[in-house]
>>> print(open('entry-v8.cif').read())   # mmCIF, C-alpha atoms and all ligand atoms
data_final
loop_
_atom_site.group_PDB
_atom_site.id
_atom_site.type_symbol
_atom_site.label_atom_id
_atom_site.label_comp_id
_atom_site.auth_asym_id
_atom_site.auth_seq_id
_atom_site.Cartn_x
_atom_site.Cartn_y
_atom_site.Cartn_z
ATOM 1 C CA MET A 179 0.000 0.000 0.000
ATOM 2 C CA LYS A 180 1.076 3.551 -0.676
ATOM 3 C CA ALA A 181 -0.225 6.818 0.827
ATOM 4 C CA VAL A 182 0.431 10.510 0.328
ATOM 5 C CA ILE A 183 0.198 12.814 3.335
ATOM 6 C CA ALA A 184 0.299 16.587 3.769
ATOM 7 C CA ASN A 185 -0.575 19.008 6.561
ATOM 8 C CA ASP A 186 -0.491 22.659 7.541
ATOM 9 C CA HIS A 187 1.158 24.038 10.687
ATOM 10 C CA GLY A 188 -1.826 22.891 12.789
ATOM 11 C CA GLY A 189 -1.209 19.265 11.880
ATOM 12 C CA VAL A 190 2.554 18.791 12.153
ATOM 13 C CA GLU A 191 2.585 16.612 15.268
ATOM 14 C CA LEU A 192 -0.411 14.485 14.343
ATOM 15 C CA ALA A 193 0.891 13.950 10.799
ATOM 16 C CA ALA A 194 4.239 12.788 12.220
ATOM 17 C CA SER A 195 2.519 10.253 14.475
ATOM 18 C CA LEU A 196 0.379 8.976 11.579
ATOM 19 C CA ILE A 197 3.449 8.588 9.349
ATOM 20 C CA LYS A 198 5.193 6.572 12.084
ATOM 21 C CA HIS A 199 2.103 4.382 12.392
ATOM 22 C CA LEU A 200 1.874 3.830 8.630
ATOM 23 C CA GLU A 201 5.537 2.945 8.406
ATOM 24 C CA GLU A 202 5.103 0.409 11.219
ATOM 25 C CA LYS A 203 2.306 -1.106 9.123
ATOM 26 C CA ARG A 204 4.721 -1.256 6.155
ATOM 27 C CA ILE A 205 2.649 1.263 4.204
ATOM 28 C CA GLU A 206 4.845 3.391 1.947
ATOM 29 C CA VAL A 207 4.425 7.112 2.619
ATOM 30 C CA THR A 208 5.147 10.182 0.502
ATOM 31 C CA TYR A 209 5.265 13.144 2.861
ATOM 32 C CA LEU A 210 4.763 16.633 1.427
ATOM 33 C CA GLY A 211 5.026 18.679 4.647
ATOM 34 C CA THR A 212 4.888 21.110 6.186
ATOM 35 C CA ASP A 213 7.194 19.892 8.904
ATOM 36 C CA SER A 214 7.354 23.381 10.450
ATOM 37 C CA THR A 215 4.979 25.123 12.837
ATOM 38 C CA GLU A 216 5.432 28.358 10.872
ATOM 39 C CA SER A 217 2.059 29.466 9.499
ATOM 40 C CA VAL A 218 1.167 28.234 5.990
ATOM 41 C CA ASP A 219 -2.091 28.072 3.998
ATOM 42 C CA TYR A 220 -3.909 24.722 4.108
ATOM 43 C CA PRO A 221 -5.303 24.935 0.514
ATOM 44 C CA ASP A 222 -1.712 24.848 -0.782
ATOM 45 C CA TYR A 223 -1.084 21.561 1.029
ATOM 46 C CA ALA A 224 -4.393 20.048 -0.058
ATOM 47 C CA GLU A 225 -3.506 20.904 -3.660
ATOM 48 C CA LYS A 226 0.017 19.436 -3.371
ATOM 49 C CA ALA A 227 -1.367 16.174 -1.954
ATOM 50 C CA VAL A 228 -4.116 15.838 -4.574
ATOM 51 C CA ASN A 229 -1.682 16.539 -7.418
ATOM 52 C CA GLU A 230 0.636 13.857 -6.058
ATOM 53 C CA TYR A 231 -2.263 11.405 -5.599
ATOM 54 C CA ARG A 232 -3.276 11.984 -9.226
ATOM 55 C CA LYS A 233 0.009 10.452 -10.379
ATOM 56 C CA GLY A 234 -1.946 7.230 -9.883
ATOM 57 C CA CYS A 235 0.323 5.106 -7.718
ATOM 58 C CA TYR A 236 -1.407 5.829 -4.387
ATOM 59 C CA ASP A 237 -4.078 3.889 -2.512
ATOM 60 C CA PHE A 238 -5.212 6.904 -0.494
ATOM 61 C CA GLY A 239 -4.242 10.315 0.859
ATOM 62 C CA ILE A 240 -4.196 11.811 4.349
ATOM 63 C CA LEU A 241 -4.611 15.508 5.140
ATOM 64 C CA VAL A 242 -4.226 17.217 8.502
ATOM 65 C CA CYS A 243 -4.842 20.805 9.597
ATOM 66 C CA GLY A 244 -5.931 22.271 12.924
ATOM 67 C CA THR A 245 -9.512 21.049 12.628
ATOM 68 C CA GLY A 246 -9.275 18.993 9.442
ATOM 69 C CA ILE A 247 -12.034 21.184 8.025
ATOM 70 C CA GLY A 248 -10.185 23.678 5.825
ATOM 71 C CA ILE A 249 -7.852 21.110 4.289
ATOM 72 C CA SER A 250 -10.651 18.579 3.609
ATOM 73 C CA VAL A 251 -12.959 21.190 2.071
ATOM 74 C CA SER A 252 -10.059 22.365 -0.105
ATOM 75 C CA ALA A 253 -9.323 18.825 -1.332
ATOM 76 C CA ASN A 254 -13.012 18.225 -2.022
ATOM 77 C CA LYS A 255 -12.996 21.202 -4.415
ATOM 78 C CA MET A 256 -10.654 19.258 -6.687
ATOM 79 C CA LYS A 257 -12.102 16.884 -9.303
ATOM 80 C CA GLY A 258 -12.321 13.229 -8.340
ATOM 81 C CA ILE A 259 -11.613 13.756 -4.654
ATOM 82 C CA ARG A 260 -13.791 12.406 -1.863
ATOM 83 C CA CYS A 261 -12.104 13.464 1.332
ATOM 84 C CA ALA A 262 -13.757 12.262 4.549
ATOM 85 C CA LEU A 263 -13.377 13.950 7.928
ATOM 86 C CA PRO A 264 -14.437 11.159 10.297
ATOM 87 C CA GLN A 265 -15.369 11.750 13.925
ATOM 88 C CA ASN A 266 -14.448 8.202 14.974
ATOM 89 C CA SER A 267 -13.661 4.647 13.750
ATOM 90 C CA TYR A 268 -17.254 3.939 12.767
ATOM 91 C CA ALA A 269 -17.378 6.976 10.480
ATOM 92 C CA ALA A 270 -13.932 6.134 9.088
ATOM 93 C CA ALA A 271 -15.022 2.602 8.179
ATOM 94 C CA MET A 272 -18.198 3.967 6.567
ATOM 95 C CA ALA A 273 -16.139 6.520 4.642
ATOM 96 C CA LYS A 274 -14.561 3.585 2.786
ATOM 97 C CA GLN A 275 -17.484 1.105 2.772
ATOM 98 C CA HIS A 276 -20.166 3.526 1.616
ATOM 99 C CA ASN A 277 -18.429 6.651 0.272
ATOM 100 C CA ASN A 278 -15.257 5.067 -1.132
ATOM 101 C CA ALA A 279 -13.336 8.091 0.159
ATOM 102 C CA ASN A 280 -9.920 8.389 -1.456
ATOM 103 C CA PHE A 281 -8.678 10.898 1.129
ATOM 104 C CA ILE A 282 -9.108 11.030 4.891
ATOM 105 C CA ALA A 283 -8.567 14.142 7.006
ATOM 106 C CA PHE A 284 -7.943 14.760 10.691
ATOM 107 C CA GLY A 285 -7.640 17.741 13.006
ATOM 108 C CA GLY A 286 -4.384 18.135 14.885
ATOM 109 C CA ARG A 287 -6.100 20.384 17.435
ATOM 110 C CA ILE A 288 -9.166 18.168 17.883
ATOM 111 C CA GLU A 289 -9.666 15.931 20.916
ATOM 112 C CA TYR A 290 -10.820 12.620 19.499
ATOM 113 C CA THR A 291 -12.469 10.050 21.753
ATOM 114 C CA GLU A 292 -10.154 7.315 20.468
ATOM 115 C CA PRO A 293 -6.603 7.233 19.124
ATOM 116 C CA VAL A 294 -6.427 8.752 15.641
ATOM 117 C CA THR A 295 -4.316 5.771 14.562
ATOM 118 C CA ASP A 296 -7.328 3.510 15.335
ATOM 119 C CA ILE A 297 -9.586 5.783 13.292
ATOM 120 C CA LEU A 298 -7.105 5.654 10.406
ATOM 121 C CA ASP A 299 -6.865 1.849 10.661
ATOM 122 C CA ALA A 300 -10.661 1.526 10.510
ATOM 123 C CA TYR A 301 -10.537 3.348 7.160
ATOM 124 C CA ILE A 302 -7.537 1.411 5.806
ATOM 125 C CA ASP A 303 -8.917 -1.983 6.843
ATOM 126 C CA SER A 304 -12.359 -1.443 5.288
ATOM 127 C CA GLU A 305 -13.460 -2.275 1.756
ATOM 128 C CA PHE A 306 -15.825 -0.380 -0.521
ATOM 129 C CA GLU A 307 -19.139 -2.268 -0.725
ATOM 130 C CA GLY A 308 -20.186 -1.115 -4.218
ATOM 131 C CA GLY A 309 -23.791 -1.803 -5.284
ATOM 132 C CA ARG A 310 -26.214 0.955 -4.286
ATOM 133 C CA HIS A 311 -23.301 2.941 -2.868
ATOM 134 C CA GLN A 312 -21.678 3.170 -6.299
ATOM 135 C CA ARG A 313 -24.902 4.700 -7.678
ATOM 136 C CA ARG A 314 -24.838 7.329 -4.933
ATOM 137 C CA ILE A 315 -21.162 8.056 -5.508
ATOM 138 C CA ASP A 316 -21.823 8.486 -9.235
ATOM 139 C CA LYS A 317 -24.522 11.032 -8.362
ATOM 140 C CA MET A 318 -22.208 12.725 -5.860
ATOM 141 C CA MET A 319 -19.456 13.087 -8.429
ATOM 142 C CA GLU A 320 -21.915 14.520 -10.979
ATOM 143 C CA LEU A 321 -22.426 17.407 -8.557
ATOM 144 C CA GLU A 322 -18.805 18.476 -9.155
ATOM 145 C CA GLY A 323 -19.640 20.398 -12.305
ATOM 146 C CA LYS A 324 -22.676 22.232 -10.889
HETATM 147 C C1 LIG B 1 -4.830 27.423 10.907
HETATM 148 O O1 LIG B 1 -4.701 28.280 11.980
HETATM 149 C C2 LIG B 1 -6.185 26.737 10.938
HETATM 150 O O2 LIG B 1 -7.160 27.626 10.516
HETATM 151 C C3 LIG B 1 -6.171 25.494 10.075
HETATM 152 O O3 LIG B 1 -5.201 24.616 10.525
HETATM 153 C C4 LIG B 1 -7.452 24.697 10.012
HETATM 154 O O4 LIG B 1 -7.952 24.418 11.266
HETATM 155 C C5 LIG B 1 -8.478 25.236 9.102
HETATM 156 O O5 LIG B 1 -9.536 24.652 8.857
#
>>> encode(input="entry-v8.cif", output="structure tokens", more="lines below")
Ligand code: RB5
Amino acid sequence: MKAVIANDHGGVELAASLIKHLEEKRIEVTYLGTDSTESVDYPDYAEKAVNEYRKGCYDFGILVCGTGIGISVSANKMKGIRCALPQNSYAAAMAKQHNNANFIAFGGRIEYTEPVTDILDAYIDSEFEGGRHQRRIDKMMELEGK
């Protein structure tokens, strides 16, 4: 498996812990920064990650900002991207099973009720169910041009 990950200054620490976790799981990671707490703009990092993901060799992408909101909304503005911002493991599993999310976002300043690594694993370990969910995804993606 291969993942691309990027974050703004609000996500430096969390991104580092997720990269460590992915590497322990033998998932190859391309890290695009920022590795500094100096203020940057999250849309720039969403764009970098999506452009890298579009090279085609990645299974999924991870984005982190302070809340996860700005960077996920930014990624979702780009064609073909379904970036989930799960509250917990259940939502993360559903993001793959029902929404076939190709990106997952987290907030470095958010207090989650479970370890973020568990939430990430729930996403990674789930499979897209297809069927009626594919029909809904097709409709969702048609909204892109509107
Ligand atoms: C940066 O201060 C902060 O606004 C950003 O990390 C994120 O939370 C935006 O949604």
>>> closest_residue(input="entry-v8.cif", among="A:Glu292, A:Asp316, A:Asp237, A:Asp219", to="Ser252 of chain A", atoms="only C-alpha atoms")
A:Asp219
>>> axis_aligned_box(input="entry-v8.cif", around="ligand LIG 1 (chain B)", padding_each_side="3 Å", output="AutoDock Vina command-line options")
--center_x -7.1 --center_y 26.3 --center_z 10.4 --size_x 10.8 --size_y 9.9 --size_z 9.1
>>> closest_atom_pairs(input="entry-v8.cif", of="chain A", to="ligand LIG 1 (chain B)", cutoff="7 Å", atoms="only C-alpha atoms and all ligand atoms", output="JSON lines")
{"residue": "A:Asp186", "atom": "CA", "partner": "B:LIG1", "partner_atom": "O3", "distance": 5.9}
{"residue": "A:His187", "atom": "CA", "partner": "B:LIG1", "partner_atom": "O3", "distance": 6.4}
{"residue": "A:Gly188", "atom": "CA", "partner": "B:LIG1", "partner_atom": "O3", "distance": 4.4}
{"residue": "A:Gly189", "atom": "CA", "partner": "B:LIG1", "partner_atom": "O3", "distance": 6.8}
{"residue": "A:Tyr220", "atom": "CA", "partner": "B:LIG1", "partner_atom": "C3", "distance": 6.4}
{"residue": "A:Cys243", "atom": "CA", "partner": "B:LIG1", "partner_atom": "O3", "distance": 3.9}
{"residue": "A:Gly244", "atom": "CA", "partner": "B:LIG1", "partner_atom": "O4", "distance": 3.4}
{"residue": "A:Thr245", "atom": "CA", "partner": "B:LIG1", "partner_atom": "O4", "distance": 4.0}
{"residue": "A:Gly246", "atom": "CA", "partner": "B:LIG1", "partner_atom": "O5", "distance": 5.7}
{"residue": "A:Ile247", "atom": "CA", "partner": "B:LIG1", "partner_atom": "O5", "distance": 4.4}
{"residue": "A:Gly248", "atom": "CA", "partner": "B:LIG1", "partner_atom": "O5", "distance": 3.3}
{"residue": "A:Ile249", "atom": "CA", "partner": "B:LIG1", "partner_atom": "O5", "distance": 6.0}
{"residue": "A:Gly285", "atom": "CA", "partner": "B:LIG1", "partner_atom": "O4", "distance": 6.9}
>>> resolve_selection(input="entry-v8.cif", expression="the PyMOL selection byres (((chain A and resi 225-233) around 10) and not hetatm)", output="number ranges by chain")
A: 180-185, 208-211, 220-224, 234-241, 249, 252-259, 280-281
>>> atom_distance(input="entry-v8.cif", atom1="atom CA of Ser195 of chain A", atom2="atom CA of Ser304 of chain A")
21.0 Å
>>> atom_distance(input="entry-v8.cif", atom1="atom CA of Ala271 of chain A", atom2="atom CA of Gly323 of chain A")
27.5 Å
>>> atom_distance(input="entry-v8.cif", atom1="atom CA of Ile315 of chain A", atom2="atom CA of Asn278 of chain A")
7.9 Å
>>> closest_residue(input="entry-v8.cif", among="A:Ser250, A:Asn266, A:Gln312, A:Gln275", to="Leu298 of chain A", atoms="all atoms listed in the file")
A:Asn266
